[in-house]
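As provided, query_31.txt (compact mmCIF, C-alpha atoms and all ligand atoms) reads as follows.
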```txt
# COMPACT_ATOMS: atom_id res chain seq x y z
CA MET G 1 -24.30 6.70 76.08
CA VAL G 2 -22.27 4.22 78.13
CA LEU G 3 -19.72 6.91 79.04
CA LYS G 4 -22.39 9.37 80.13
CA ASN G 5 -23.63 6.86 82.68
CA LEU G 6 -20.21 6.73 84.29
CA GLN G 7 -20.67 10.15 85.85
CA ALA G 8 -22.41 8.63 88.83
CA VAL G 9 -19.44 6.41 89.66
CA GLN G 10 -16.48 8.68 89.06
CA GLN G 11 -15.90 9.90 92.61
CA PRO G 12 -14.81 6.97 94.78
CA MET G 13 -15.54 7.42 98.49
CA ALA G 14 -13.64 5.83 101.37
CA TYR G 15 -14.61 2.18 101.91
CA GLU G 16 -14.02 0.49 105.25
CA ASP G 17 -15.93 -2.81 105.18
CA ASP G 18 -14.81 -6.23 103.95
CA CYS G 19 -14.09 -6.25 100.23
CA PHE G 20 -15.77 -9.12 98.42
CA LEU G 21 -14.41 -9.11 94.88
CA VAL G 22 -15.22 -12.64 93.80
CA PRO G 23 -16.60 -13.28 90.28
CA GLY G 24 -19.76 -14.81 91.70
CA PRO G 25 -21.53 -15.51 93.89
CA VAL G 26 -21.47 -11.77 94.48
CA ARG G 27 -22.75 -9.84 97.47
CA MET G 28 -26.53 -9.50 97.48
CA GLY G 29 -28.06 -6.08 98.15
CA GLN G 30 -30.45 -5.41 101.03
CA PRO G 31 -33.60 -5.42 98.83
CA CYS G 32 -32.71 -8.93 97.64
CA LEU G 33 -31.98 -10.18 101.16
CA ASP G 34 -35.17 -8.59 102.51
CA ALA G 35 -37.28 -10.10 99.75
CA MET G 36 -35.90 -13.56 100.50
CA GLY G 37 -37.02 -13.14 104.09
CA THR G 38 -40.68 -12.92 103.01
CA ALA G 39 -42.99 -15.37 104.78
CA VAL G 40 -43.98 -18.57 102.99
CA MET G 41 -46.60 -18.53 100.24
CA THR G 42 -48.11 -21.31 98.17
CA ALA G 43 -46.48 -22.15 94.86
CA ARG G 44 -49.76 -22.15 92.95
CA GLY G 45 -51.57 -19.12 94.30
CA GLN G 46 -51.92 -15.57 92.99
CA GLU G 47 -49.12 -14.25 95.22
CA PHE G 48 -46.52 -16.45 93.59
CA ARG G 49 -47.81 -15.54 90.14
CA ASP G 50 -47.08 -11.93 91.10
CA VAL G 51 -43.54 -12.94 92.12
CA MET G 52 -43.00 -14.74 88.80
CA ALA G 53 -44.38 -11.86 86.76
CA LYS G 54 -41.98 -9.44 88.41
CA LEU G 55 -39.09 -11.87 87.96
CA ASN G 56 -39.93 -12.56 84.30
CA SER G 57 -40.18 -8.87 83.51
CA GLY G 58 -36.89 -8.13 85.30
CA LEU G 59 -35.22 -11.00 83.46
CA ARG G 60 -36.37 -9.74 80.06
CA SER G 61 -34.78 -6.42 80.90
CA ALA G 62 -31.51 -8.04 82.12
CA PHE G 63 -31.37 -10.19 78.96
CA ASN G 64 -31.69 -6.94 76.99
CA LEU G 65 -34.97 -8.11 75.43
CA SER G 66 -38.09 -6.08 74.67
CA PRO G 67 -40.03 -5.08 77.81
CA SER G 68 -42.95 -6.98 79.28
CA PRO G 69 -45.43 -6.06 82.03
CA SER G 70 -44.52 -7.15 85.54
CA VAL G 71 -48.07 -8.13 86.49
CA ARG G 72 -49.58 -11.59 86.45
CA LYS G 73 -51.78 -12.78 83.58
CA SER G 74 -50.09 -10.41 81.15
CA ASN G 75 -47.54 -12.72 79.48
CA SER G 76 -44.69 -11.33 81.53
CA TRP G 77 -42.32 -13.99 80.10
CA GLU G 78 -42.83 -12.91 76.47
CA GLY G 79 -42.20 -9.80 74.42
CA ASP G 80 -42.72 -8.63 70.87
CA ASP G 81 -39.23 -9.87 69.90
CA GLY G 82 -40.41 -13.51 70.03
CA TYR G 83 -38.19 -14.49 72.96
CA LYS G 84 -39.51 -16.20 76.09
CA VAL G 85 -37.74 -16.35 79.45
CA ILE G 86 -37.89 -19.49 81.55
CA VAL G 87 -36.81 -19.63 85.19
CA VAL G 88 -34.92 -22.76 86.27
CA SER G 89 -34.48 -24.01 89.83
CA GLY G 90 -30.79 -24.81 89.96
CA SER G 91 -27.54 -23.02 89.19
CA GLY G 92 -26.39 -21.86 85.77
CA THR G 93 -25.17 -25.34 84.83
CA ALA G 94 -28.69 -26.73 85.32
CA ALA G 95 -30.12 -24.15 82.92
CA MET G 96 -27.36 -24.88 80.38
CA GLU G 97 -28.07 -28.62 80.59
CA MET G 98 -31.78 -27.96 80.10
CA VAL G 99 -31.13 -25.86 77.01
CA ILE G 100 -28.83 -28.48 75.45
CA ALA G 101 -30.67 -31.65 76.42
CA ASN G 102 -33.95 -30.44 74.94
CA ARG G 103 -32.59 -28.79 71.81
CA PHE G 104 -30.51 -31.57 70.23
CA ARG G 105 -31.07 -35.10 69.04
CA SER G 106 -28.37 -37.62 69.86
CA ASN G 107 -27.13 -37.62 66.25
CA ASP G 108 -26.94 -33.81 65.86
CA LEU G 109 -23.44 -32.36 65.54
CA VAL G 110 -22.53 -29.11 67.33
CA LEU G 111 -19.40 -26.97 67.31
CA VAL G 112 -18.04 -25.80 70.67
CA PRO G 113 -14.96 -23.54 70.58
CA THR G 114 -13.44 -23.09 74.04
CA ASN G 115 -10.67 -21.19 75.82
CA GLY G 116 -11.32 -21.99 79.48
CA LYS G 117 -13.02 -24.18 82.06
CA PHE G 118 -16.62 -23.13 81.50
CA GLY G 119 -16.49 -23.43 77.73
CA GLU G 120 -15.08 -26.91 78.24
CA ARG G 121 -18.03 -27.60 80.51
CA VAL G 122 -20.39 -26.59 77.69
CA ALA G 123 -18.62 -29.15 75.48
CA GLU G 124 -18.90 -31.80 78.20
CA ILE G 125 -22.64 -31.20 78.63
CA CYS G 126 -23.12 -31.41 74.87
CA LYS G 127 -21.27 -34.74 74.79
CA ARG G 128 -23.98 -36.20 77.02
CA PHE G 129 -26.71 -35.31 74.54
CA CYS G 130 -25.30 -35.06 71.01
CA ASN G 131 -22.14 -35.20 68.88
CA VAL G 132 -19.57 -32.52 69.51
CA LYS G 133 -16.67 -31.03 67.61
CA HIS G 134 -14.75 -29.51 70.49
CA MET G 135 -12.41 -26.79 69.22
CA LYS G 136 -10.32 -26.88 72.39
CA GLY G 137 -8.19 -23.75 72.51
CA GLU G 138 -5.57 -22.53 74.94
CA TRP G 139 -6.97 -20.92 78.09
CA GLY G 140 -7.18 -17.15 77.72
CA ARG G 141 -6.48 -17.03 73.95
CA ALA G 142 -9.13 -15.55 71.66
CA PHE G 143 -10.98 -17.97 69.37
CA ASP G 144 -9.62 -18.46 65.89
CA LEU G 145 -12.57 -17.02 63.98
CA GLY G 146 -11.15 -18.28 60.67
CA GLU G 147 -11.21 -21.84 62.00
CA ILE G 148 -14.83 -21.44 63.14
CA GLU G 149 -15.72 -20.15 59.68
CA ARG G 150 -13.99 -23.10 57.99
CA HIS G 151 -15.95 -25.50 60.17
CA LEU G 152 -19.22 -23.78 59.37
CA GLU G 153 -18.50 -23.89 55.64
CA ARG G 154 -18.80 -27.68 55.90
CA LYS G 155 -22.51 -27.16 56.59
CA CYS G 156 -22.67 -30.11 58.98
CA TYR G 157 -23.26 -28.29 62.25
CA GLU G 158 -26.64 -27.88 63.88
CA ALA G 159 -25.35 -25.17 66.23
CA VAL G 160 -22.39 -23.30 67.64
CA LEU G 161 -22.33 -23.05 71.43
CA ILE G 162 -19.98 -20.74 73.32
CA CYS G 163 -19.27 -19.61 76.83
CA HIS G 164 -19.64 -15.90 76.13
CA ASN G 165 -17.63 -14.61 79.08
CA GLU G 166 -15.08 -17.16 80.21
CA THR G 167 -14.91 -16.57 83.96
CA SER G 168 -12.03 -19.00 84.44
CA THR G 169 -9.67 -16.95 82.28
CA GLY G 170 -11.20 -13.45 82.04
CA ILE G 171 -11.80 -13.45 78.31
CA THR G 172 -14.97 -12.38 76.50
CA GLN G 173 -15.63 -13.88 73.09
CA ASP G 174 -16.48 -11.84 70.03
CA ALA G 175 -20.11 -12.95 70.08
CA GLU G 176 -21.11 -10.49 67.37
CA ALA G 177 -18.63 -11.94 64.85
CA ILE G 178 -19.62 -15.53 65.69
CA ALA G 179 -23.31 -14.61 65.47
CA GLU G 180 -22.77 -13.12 62.03
CA MET G 181 -21.06 -16.31 60.83
CA CYS G 182 -23.82 -18.46 62.28
CA SER G 183 -26.47 -16.39 60.51
CA ARG G 184 -24.61 -16.60 57.20
CA HIS G 185 -24.23 -20.38 57.50
CA GLU G 186 -27.76 -20.87 58.86
CA THR G 187 -26.42 -22.45 62.03
CA SER G 188 -28.01 -21.94 65.43
CA PHE G 189 -26.15 -19.94 68.06
CA ILE G 190 -26.40 -20.63 71.80
CA LEU G 191 -24.61 -18.80 74.59
CA ASP G 192 -23.67 -19.50 78.17
CA GLY G 193 -24.19 -15.89 79.28
CA ILE G 194 -23.80 -16.81 82.94
CA THR G 195 -21.27 -14.04 83.64
CA SER G 196 -22.12 -11.74 80.75
CA VAL G 197 -25.86 -11.06 81.05
CA GLY G 198 -26.21 -7.97 83.24
CA GLY G 199 -22.47 -7.26 83.16
CA MET G 200 -21.74 -6.38 79.56
CA PRO G 201 -23.62 -5.84 76.30
CA VAL G 202 -25.57 -8.95 75.28
CA HIS G 203 -27.91 -8.70 72.28
CA PRO G 204 -29.91 -11.92 71.88
CA GLN G 205 -32.11 -10.62 69.08
CA GLN G 206 -29.40 -8.81 67.11
CA TRP G 207 -27.22 -11.94 67.36
CA ASN G 208 -30.17 -14.16 66.46
CA ALA G 209 -29.21 -16.25 69.50
CA GLU G 210 -31.50 -19.22 69.93
CA ALA G 211 -30.85 -19.48 73.65
CA VAL G 212 -28.96 -17.49 76.27
CA VAL G 213 -28.45 -18.66 79.86
CA VAL G 214 -27.91 -16.51 82.96
CA GLY G 215 -27.15 -17.49 86.57
CA ALA G 216 -28.63 -15.26 89.27
CA GLN G 217 -25.55 -15.09 91.51
CA LYS G 218 -23.28 -13.36 89.02
CA CYS G 219 -23.79 -10.01 87.26
CA THR G 220 -27.41 -9.60 88.38
CA ALA G 221 -26.46 -9.96 92.09
CA GLY G 222 -29.21 -12.43 92.89
CA PRO G 223 -29.05 -15.54 95.09
CA SER G 224 -27.25 -18.78 94.15
CA GLY G 225 -29.39 -21.72 93.06
CA ILE G 226 -31.66 -20.10 90.49
CA ALA G 227 -31.03 -19.41 86.81
CA ALA G 228 -32.92 -18.54 83.65
CA VAL G 229 -32.86 -19.02 79.91
CA ALA G 230 -34.09 -16.79 77.10
CA VAL G 231 -35.16 -18.79 74.04
CA ASN G 232 -36.43 -17.68 70.66
CA GLN G 233 -39.22 -19.08 68.53
CA HIS G 234 -36.88 -21.28 66.48
CA TYR G 235 -35.59 -22.91 69.66
CA VAL G 236 -39.13 -23.66 70.82
CA GLU G 237 -40.11 -25.08 67.43
CA ARG G 238 -37.06 -27.37 67.31
CA VAL G 239 -37.75 -28.67 70.81
CA GLN G 240 -41.38 -29.38 69.93
CA THR G 241 -40.57 -30.99 66.57
CA ILE G 242 -37.90 -33.25 68.06
CA ARG G 243 -40.39 -34.31 70.74
CA GLU G 244 -43.14 -35.03 68.19
CA GLN G 245 -40.68 -37.12 66.17
CA GLY G 246 -39.82 -39.12 69.30
CA ASP G 247 -36.17 -38.12 68.97
CA SER G 248 -35.71 -36.29 72.28
CA ASN G 249 -32.94 -36.94 74.75
CA PRO G 250 -34.23 -38.27 78.07
CA THR G 251 -35.12 -35.53 80.57
CA TYR G 252 -37.72 -35.26 83.29
CA TYR G 253 -37.06 -32.43 85.74
CA PHE G 254 -35.39 -30.42 82.97
CA ASP G 255 -38.00 -31.19 80.30
CA MET G 256 -38.58 -27.91 78.45
CA ILE G 257 -42.09 -28.80 77.23
CA PRO G 258 -43.87 -28.54 80.61
CA ALA G 259 -41.87 -25.38 81.38
CA LEU G 260 -43.13 -23.87 78.11
CA LYS G 261 -46.70 -24.89 78.95
CA LYS G 262 -46.58 -23.24 82.38
CA GLY G 263 -44.85 -20.02 81.37
CA SER G 264 -47.87 -18.07 80.14
CA ASP G 265 -49.58 -18.71 83.49
CA ASP G 266 -46.63 -17.23 85.45
CA GLN G 267 -45.93 -20.71 86.77
CA THR G 268 -43.21 -23.38 86.76
CA PRO G 269 -43.87 -27.12 86.34
CA TRP G 270 -42.41 -28.14 89.70
CA THR G 271 -42.32 -26.43 93.10
CA PRO G 272 -40.33 -23.31 92.33
CA ALA G 273 -37.45 -21.87 94.38
CA ILE G 274 -39.97 -19.45 95.89
CA ASN G 275 -37.77 -17.32 98.13
CA LEU G 276 -34.91 -17.29 95.67
CA ALA G 277 -37.33 -16.07 93.01
CA MET G 278 -38.43 -13.25 95.34
CA GLY G 279 -34.83 -12.26 96.02
CA TRP G 280 -33.83 -12.37 92.36
CA GLY G 281 -36.86 -10.26 91.40
CA ALA G 282 -35.73 -7.58 93.86
CA ALA G 283 -32.11 -7.73 92.61
CA LEU G 284 -33.33 -7.35 89.03
CA GLU G 285 -35.36 -4.33 90.08
CA THR G 286 -32.15 -2.79 91.42
CA LEU G 287 -30.54 -3.52 88.05
CA GLN G 288 -33.47 -1.93 86.20
CA ASN G 289 -33.17 1.17 88.35
CA GLU G 290 -29.45 1.39 87.62
CA THR G 291 -30.10 0.54 83.91
CA ASN G 292 -28.21 -2.08 81.91
CA GLU G 293 -26.06 0.57 80.26
CA ALA G 294 -24.93 2.07 83.58
CA ARG G 295 -24.17 -1.35 85.06
CA TRP G 296 -22.21 -2.44 81.98
CA ALA G 297 -20.28 0.84 82.18
CA ARG G 298 -19.55 0.45 85.90
CA CYS G 299 -18.30 -3.13 85.41
CA GLU G 300 -16.11 -2.07 82.46
CA HIS G 301 -14.85 0.97 84.41
CA MET G 302 -13.80 -1.21 87.37
CA ALA G 303 -12.24 -3.93 85.20
CA ASN G 304 -10.36 -1.30 83.22
CA GLY G 305 -8.96 0.20 86.42
CA VAL G 306 -7.85 -3.23 87.68
CA ARG G 307 -6.20 -4.10 84.34
CA ASN G 308 -4.33 -0.79 84.07
CA LEU G 309 -3.25 -0.75 87.70
CA PHE G 310 -1.82 -4.26 87.71
CA THR G 311 -0.21 -4.11 84.26
CA ASP G 312 1.43 -0.76 85.16
CA LEU G 313 2.90 -2.54 88.18
CA GLY G 314 4.36 -5.26 85.97
CA PHE G 315 1.76 -8.00 86.52
CA GLU G 316 0.69 -10.14 83.56
CA LEU G 317 -2.93 -10.69 82.66
CA LEU G 318 -3.92 -14.10 81.32
CA ALA G 319 -6.43 -13.03 78.68
CA ASP G 320 -5.58 -11.71 75.24
CA ARG G 321 -5.66 -7.92 75.25
CA LEU G 322 -8.61 -7.41 72.91
CA GLY G 323 -10.96 -9.82 74.65
CA ARG G 324 -10.39 -8.78 78.27
CA SER G 325 -13.58 -9.18 80.25
CA ALA G 326 -15.53 -6.40 81.96
CA SER G 327 -16.73 -8.68 84.74
CA VAL G 328 -13.60 -10.65 85.71
CA THR G 329 -9.85 -10.07 85.44
CA ALA G 330 -7.37 -12.96 85.66
CA ILE G 331 -3.97 -11.81 86.97
CA MET G 332 -0.85 -14.01 87.06
CA TYR G 333 1.03 -14.16 90.36
CA PRO G 334 4.50 -12.68 90.18
CA GLU G 335 7.53 -14.91 90.77
CA GLY G 336 7.65 -16.18 94.36
CA ILE G 337 3.95 -15.63 95.18
CA ASP G 338 1.32 -18.38 95.36
CA ASP G 339 -2.18 -18.88 96.74
CA GLY G 340 -0.88 -18.27 100.28
CA TRP G 341 -1.28 -14.62 99.27
CA ARG G 342 -5.01 -15.12 98.91
CA THR G 343 -5.33 -16.68 102.35
CA LYS G 344 -3.41 -13.75 103.86
CA LEU G 345 -5.56 -11.29 101.89
CA LYS G 346 -8.69 -12.83 103.35
CA GLU G 347 -7.50 -13.32 106.90
CA GLU G 348 -5.44 -10.17 107.44
CA PHE G 349 -6.86 -7.71 104.90
CA ASN G 350 -10.55 -8.74 104.96
CA THR G 351 -10.59 -8.96 101.19
CA GLN G 352 -11.65 -11.86 99.03
CA VAL G 353 -10.77 -12.61 95.44
CA ILE G 354 -10.70 -16.07 93.90
CA GLY G 355 -7.97 -18.42 92.70
CA ALA G 356 -7.59 -20.29 89.44
CA GLN G 357 -8.87 -23.67 88.31
CA ASP G 358 -7.26 -26.84 86.98
CA HIS G 359 -3.72 -26.40 85.58
CA LEU G 360 -3.60 -22.70 86.53
CA LYS G 361 -4.34 -23.36 90.22
CA GLY G 362 -1.87 -21.45 92.41
CA LYS G 363 -0.55 -19.49 89.43
CA MET G 364 -3.04 -16.64 89.25
CA PHE G 365 -5.99 -14.94 90.96
CA ARG G 366 -9.23 -13.54 89.59
CA VAL G 367 -10.93 -10.29 90.53
CA GLY G 368 -14.66 -9.98 89.91
CA SER G 369 -16.09 -6.62 88.81
CA MET G 370 -19.74 -7.57 88.61
CA GLY G 371 -23.09 -7.14 90.33
CA GLU G 372 -23.65 -4.19 92.62
CA THR G 373 -20.00 -3.78 93.70
CA PRO G 374 -19.39 -0.05 94.24
CA VAL G 375 -16.28 1.50 92.67
CA GLU G 376 -15.00 2.53 96.11
CA GLU G 377 -14.99 -1.12 97.21
CA MET G 378 -12.88 -2.00 94.17
CA VAL G 379 -10.47 0.85 94.91
CA GLU G 380 -10.08 -0.21 98.54
CA GLY G 381 -9.81 -3.88 97.54
CA CYS G 382 -6.96 -3.05 95.16
CA VAL G 383 -5.19 -0.98 97.83
CA ARG G 384 -5.37 -4.00 100.16
CA MET G 385 -4.23 -6.42 97.43
CA LEU G 386 -1.11 -4.32 96.83
CA GLU G 387 -0.46 -4.06 100.58
CA CYS G 388 -0.78 -7.82 100.86
CA PHE G 389 1.72 -8.34 98.02
CA ARG G 390 4.15 -6.06 99.86
CA ALA G 391 3.53 -8.01 103.09
CA CYS G 392 4.38 -11.20 101.18
CA GLY G 393 7.72 -9.70 100.16
CA HIS G 394 6.85 -8.55 96.65
CA ASP G 395 8.33 -5.11 96.19
CA LEU G 396 5.91 -2.57 94.69
CA PRO G 397 6.33 1.19 94.28
CA PRO G 398 3.86 3.55 95.99
CA VAL G 399 0.83 4.07 93.77
CA ASP G 400 -2.27 6.26 93.95
CA VAL G 401 -4.81 3.49 93.30
CA ALA G 402 -7.84 5.80 93.17
CA THR G 403 -6.48 7.57 90.07
CA TYR G 404 -6.99 4.34 88.13
CA PHE G 405 -10.73 4.49 88.78
C1 LIG O 501 -19.25 -18.60 82.57
C2 LIG O 501 -19.74 -19.60 83.53
N1 LIG O 501 -20.45 -20.63 83.09
C3 LIG O 501 -20.94 -21.56 83.91
C4 LIG O 501 -20.73 -21.49 85.26
C5 LIG O 501 -21.31 -22.51 86.16
O1 LIG O 501 -22.40 -21.90 86.77
P1 LIG O 501 -23.05 -22.49 88.11
O2 LIG O 501 -21.94 -22.63 89.08
O3 LIG O 501 -24.04 -21.42 88.45
O4 LIG O 501 -23.68 -23.77 87.76
C6 LIG O 501 -19.98 -20.44 85.78
C7 LIG O 501 -19.71 -20.35 87.23
O5 LIG O 501 -18.81 -19.67 87.68
C8 LIG O 501 -19.49 -19.47 84.90
O6 LIG O 501 -18.79 -18.42 85.36
```
Please express what this file holds, its structure, as structure tokens.
Ligand SMILES: Cc1ncc(COP(=O)(O)O)c(C=O)c1O
Amino acid sequence: MVLKNLQAVQQPMAYEDDCFLVPGPVRMGQPCLDAMGTAVMTARGQEFRDVMAKLNSGLRSAFNLSPSPSVRKSNSWEGDDGYKVIVVSGSGTAAMEMVIANRFRSNDLVLVPTNGKFGERVAEICKRFCNVKHMKGEWGRAFDLGEIERHLERKCYEAVLICHNETSTGITQDAEAIAEMCSRHETSFILDGITSVGGMPVHPQQWNAEAVVVGAQKCTAGPSGIAAVAVNQHYVERVQTIREQGDSNPTYYFDMIPALKKGSDDQTPWTPAINLAMGWGAALETLQNETNEARWARCEHMANGVRNLFTDLGFELLADRLGRSASVTAIMYPEGIDDGWRTKLKEEFNTQVIGAQDHLKGKMFRVGSMGETPVEEMVEGCVRMLECFRACGHDLPPVDVATYF
């Protein structure tokens, strides 16, 4: 089914504009930009309830949950799978903090395996609100599933939290295998899906995930500064029970209880990010029209082309082969090249990719293959990247880039 959907993207056309191949924020489409230009409306009136209903329904689809109506007063945030979606004003990190702060008591113990910057951030957030066993792995290496299993056999963990798609290193975790272990050991499973939801298969219900977080500016091509979480019934019950027992971590703006109270009325507890919500709703409509399967396939198709092109040319990829991400590829600079290449690429070749973080800064670059990026932009971007390497003195043979896509 995924392959069939590729037909629409198999014939790259010439692309002449700037290439923006950053793994988020991604370029927003015209419908999203137009929607954000809508005149002001009140936060509590019927018009905004319409905006929320459309956004909730689009989010349920992006999260790969059961459908819900996109009209107000029809429980747009809920479906028959028991999940609810909650929109958060703030970036993905805000939504992740909200999920964690509300779900755990300070004496709960959680397991956080990591292999990059954003997984480590999940561990850091957890440390503010509960006890953490941080399984800190090397950046770009796949998790040791045997070690996770051995931890879970101890039966002392309340939850496993992972960064599903590690944008800092271009590795996607085997969420299905971890979900299966969590189910067997009756341990909750929570995912930072900030660069996976909308860009690759995510199955909250099948994985029995208690909470999944998405940021608008990544694979769904929405605006920065708005995010959402999908939570199941067990998550909601735990949050409520912990509150009734007086065991909650301190929160105010990110208190989940008022957000849960307002959801069925297509409302948020505080003044919502009104225009961002309008823009995201439009971007999610674009995603629905494309379909999740076609978008996942396009992202995978582009990432696959980038991986094959650069490895054929002798470049090394950071991530372990089996876990290479569909939405971001991390490529090591060859000997003699540093981040000056990226500056030249931007200034002279009108093409943007992003650098690395922390200890890998200056040693590699990352190419995003997410959102609404057309294949022809990726082809042209790769042509320019290779030209820029040549201009920096790195010898490369002639290559027909389009054949990789
Ligand atoms: C996987 C992942 N998690 C978390 C974040 C942080 O999200 P935000 O910058 O939206 O707070 C990012 C941002 O790049 C990310 O890629």
>> Please determine, counting all atoms listed in the file, which residue among G:Ala101, G:Val26, G:Val202, G:Val110 has the shortest atom-to-atom distance to G:Ile125.
In response: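 Comparing G:Ala101, G:Val26, G:Val202, G:Val110 against G:Ile125, the winner is G:Ala101.
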>> Env of stretch 154-158 of chain G: 7 Å cut, atoms = only C-alpha atoms, seq-sep filter 6 positions within chain, self excluded. Answer as a list in words.
In response: Asp108, Leu109, Val110, Leu111, Thr187 and Ser188 of chain G
Residues near G:Thr343, anyone? I mean within 12 Å using only C-alpha atoms, not counting same-chain ones fewer than 6 positions away, as a PDB file with C-alpha atoms, keeping the file's coordinate frame.
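part.pdb, freshly written:
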```
ATOM      1  CA  ILE G 337       3.950 -15.630  95.180  1.00  0.00           C
ATOM      2  CA  PHE G 349      -6.860  -7.710 104.900  1.00  0.00           C
ATOM      3  CA  ASN G 350     -10.550  -8.740 104.960  1.00  0.00           C
ATOM      4  CA  THR G 351     -10.590  -8.960 101.190  1.00  0.00           C
ATOM      5  CA  GLN G 352     -11.650 -11.860  99.030  1.00  0.00           C
ATOM      6  CA  VAL G 353     -10.770 -12.610  95.440  1.00  0.00           C
ATOM      7  CA  ILE G 354     -10.700 -16.070  93.900  1.00  0.00           C
ATOM      8  CA  GLY G 355      -7.970 -18.420  92.700  1.00  0.00           C
ATOM      9  CA  GLY G 362      -1.870 -21.450  92.410  1.00  0.00           C
ATOM     10  CA  PHE G 365      -5.990 -14.940  90.960  1.00  0.00           C
ATOM     11  CA  MET G 385      -4.230  -6.420  97.430  1.00  0.00           C
ATOM     12  CA  CYS G 388      -0.780  -7.820 100.860  1.00  0.00           C
ATOM     13  CA  PHE G 389       1.720  -8.340  98.020  1.00  0.00           C
ATOM     14  CA  CYS G 392       4.380 -11.200 101.180  1.00  0.00           C
TER      15      CYS G 392
END
```
Around stretch 353-361 of chain G, with edges along x, y and z and 4 Å added on all six sides, what centre and edge lengths do you get, in Å to one decimal, as AutoDock Vina command-line options?
```
--center_x -7.2 --center_y -19.7 --center_z 90.5 --size_x 15.2 --size_y 22.2 --size_z 17.9
```
> Contacts of stretch 30-45 of chain G at 12 Å or less, counting all atoms listed in the file, minus same-chain residues fewer than 5 places along, as a PyMOL selection string?
Replying inline: chain G and resi 50-52+55+72+216-217+220-224+262+265-287+372
For the residues in the current selection, export C-alpha atoms as a short mmCIF file (atom, residue, chain, number, x, y, z; two decimals), keeping the file's coordinate frame.
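Ended up saving to again.cif:
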```cif
data_model
loop_
_atom_site.label_atom_id
_atom_site.label_comp_id
_atom_site.auth_asym_id
_atom_site.auth_seq_id
_atom_site.Cartn_x
_atom_site.Cartn_y
_atom_site.Cartn_z
CA ASP G 50 -47.08 -11.93 91.10
CA VAL G 51 -43.54 -12.94 92.12
CA MET G 52 -43.00 -14.74 88.80
CA LEU G 55 -39.09 -11.87 87.96
CA ARG G 72 -49.58 -11.59 86.45
CA ALA G 216 -28.63 -15.26 89.27
CA GLN G 217 -25.55 -15.09 91.51
CA THR G 220 -27.41 -9.60 88.38
CA ALA G 221 -26.46 -9.96 92.09
CA GLY G 222 -29.21 -12.43 92.89
CA PRO G 223 -29.05 -15.54 95.09
CA SER G 224 -27.25 -18.78 94.15
CA LYS G 262 -46.58 -23.24 82.38
CA ASP G 265 -49.58 -18.71 83.49
CA ASP G 266 -46.63 -17.23 85.45
CA GLN G 267 -45.93 -20.71 86.77
CA THR G 268 -43.21 -23.38 86.76
CA PRO G 269 -43.87 -27.12 86.34
CA TRP G 270 -42.41 -28.14 89.70
CA THR G 271 -42.32 -26.43 93.10
CA PRO G 272 -40.33 -23.31 92.33
CA ALA G 273 -37.45 -21.87 94.38
CA ILE G 274 -39.97 -19.45 95.89
CA ASN G 275 -37.77 -17.32 98.13
CA LEU G 276 -34.91 -17.29 95.67
CA ALA G 277 -37.33 -16.07 93.01
CA MET G 278 -38.43 -13.25 95.34
CA GLY G 279 -34.83 -12.26 96.02
CA TRP G 280 -33.83 -12.37 92.36
CA GLY G 281 -36.86 -10.26 91.40
CA ALA G 282 -35.73 -7.58 93.86
CA ALA G 283 -32.11 -7.73 92.61
CA LEU G 284 -33.33 -7.35 89.03
CA GLU G 285 -35.36 -4.33 90.08
CA THR G 286 -32.15 -2.79 91.42
CA LEU G 287 -30.54 -3.52 88.05
CA GLU G 372 -23.65 -4.19 92.62
#
```
> Leaving out stretch 310-318 of chain G and any residue of its chain fewer than 6 positions from it, which residues lie within 12 Å of it when counting only C-alpha atoms, given as number ranges by chain?
Replying inline: G: 115-116, 138-142, 166-171, 303-304, 324-325, 328-335, 337, 356, 360, 363-367, 382-383, 385-386, 389, 394-401, 404
>> For a test of reading the model, state the distance in Å between atom CA of G:Phe189 and atom CA of G:Arg298, rounded to one decimal.
In response: 27.9 Å
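Proximity ranking of G:Glu153, G:Leu161, G:Lys54, G:Met98 relative to G:Met256 places G:Met98 first, based on all atoms listed in the file.
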At a cut-off of 6 Å, using only C-alpha atoms, what residues contact stretch 76-78 of chain G? Leave out same-chain residues fewer than 5 positions from it and give the result as an mmCIF file with C-alpha atoms, keeping the file's coordinate frame.
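The resulting out.cif:
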```cif
data_model
loop_
_atom_site.group_PDB
_atom_site.id
_atom_site.type_symbol
_atom_site.label_atom_id
_atom_site.label_comp_id
_atom_site.auth_asym_id
_atom_site.auth_seq_id
_atom_site.Cartn_x
_atom_site.Cartn_y
_atom_site.Cartn_z
ATOM 1 C CA ALA G 53 -44.380 -11.860 86.760
ATOM 2 C CA ASN G 56 -39.930 -12.560 84.300
ATOM 3 C CA SER G 57 -40.180 -8.870 83.510
ATOM 4 C CA SER G 68 -42.950 -6.980 79.280
ATOM 5 C CA PRO G 69 -45.430 -6.060 82.030
ATOM 6 C CA SER G 70 -44.520 -7.150 85.540
ATOM 7 C CA LYS G 84 -39.510 -16.200 76.090
ATOM 8 C CA VAL G 85 -37.740 -16.350 79.450
#
```
>> Can you measure atom CA of G:Glu387 to atom CA of G:Cys19 for me? One decimal in Å is fine.
In response: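 Between these atoms lies a distance of 13.8 Å.
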> Can you tell me how far atom CA of G:Val231 sits from atom CA of G:Met370, in Å to one decimal?
Replying inline: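 Separating atom CA of G:Val231 from atom CA of G:Met370 is a distance of 24.0 Å.
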> Which of these, G:Tyr83, G:Phe143, G:Tyr253, G:Phe129, has the shortest distance to G:Pro113 once you count only C-alpha atoms?
Replying inline: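 Using only C-alpha atoms, G:Pro113 sits closest to G:Phe143.
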>> Nearest residue to G:Val375 out of G:Gly305, G:Pro67, G:Gly82, G:Gly146, using only C-alpha atoms?
In response: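 Among the listed residues, the smallest separation from G:Val375 belongs to G:Gly305.
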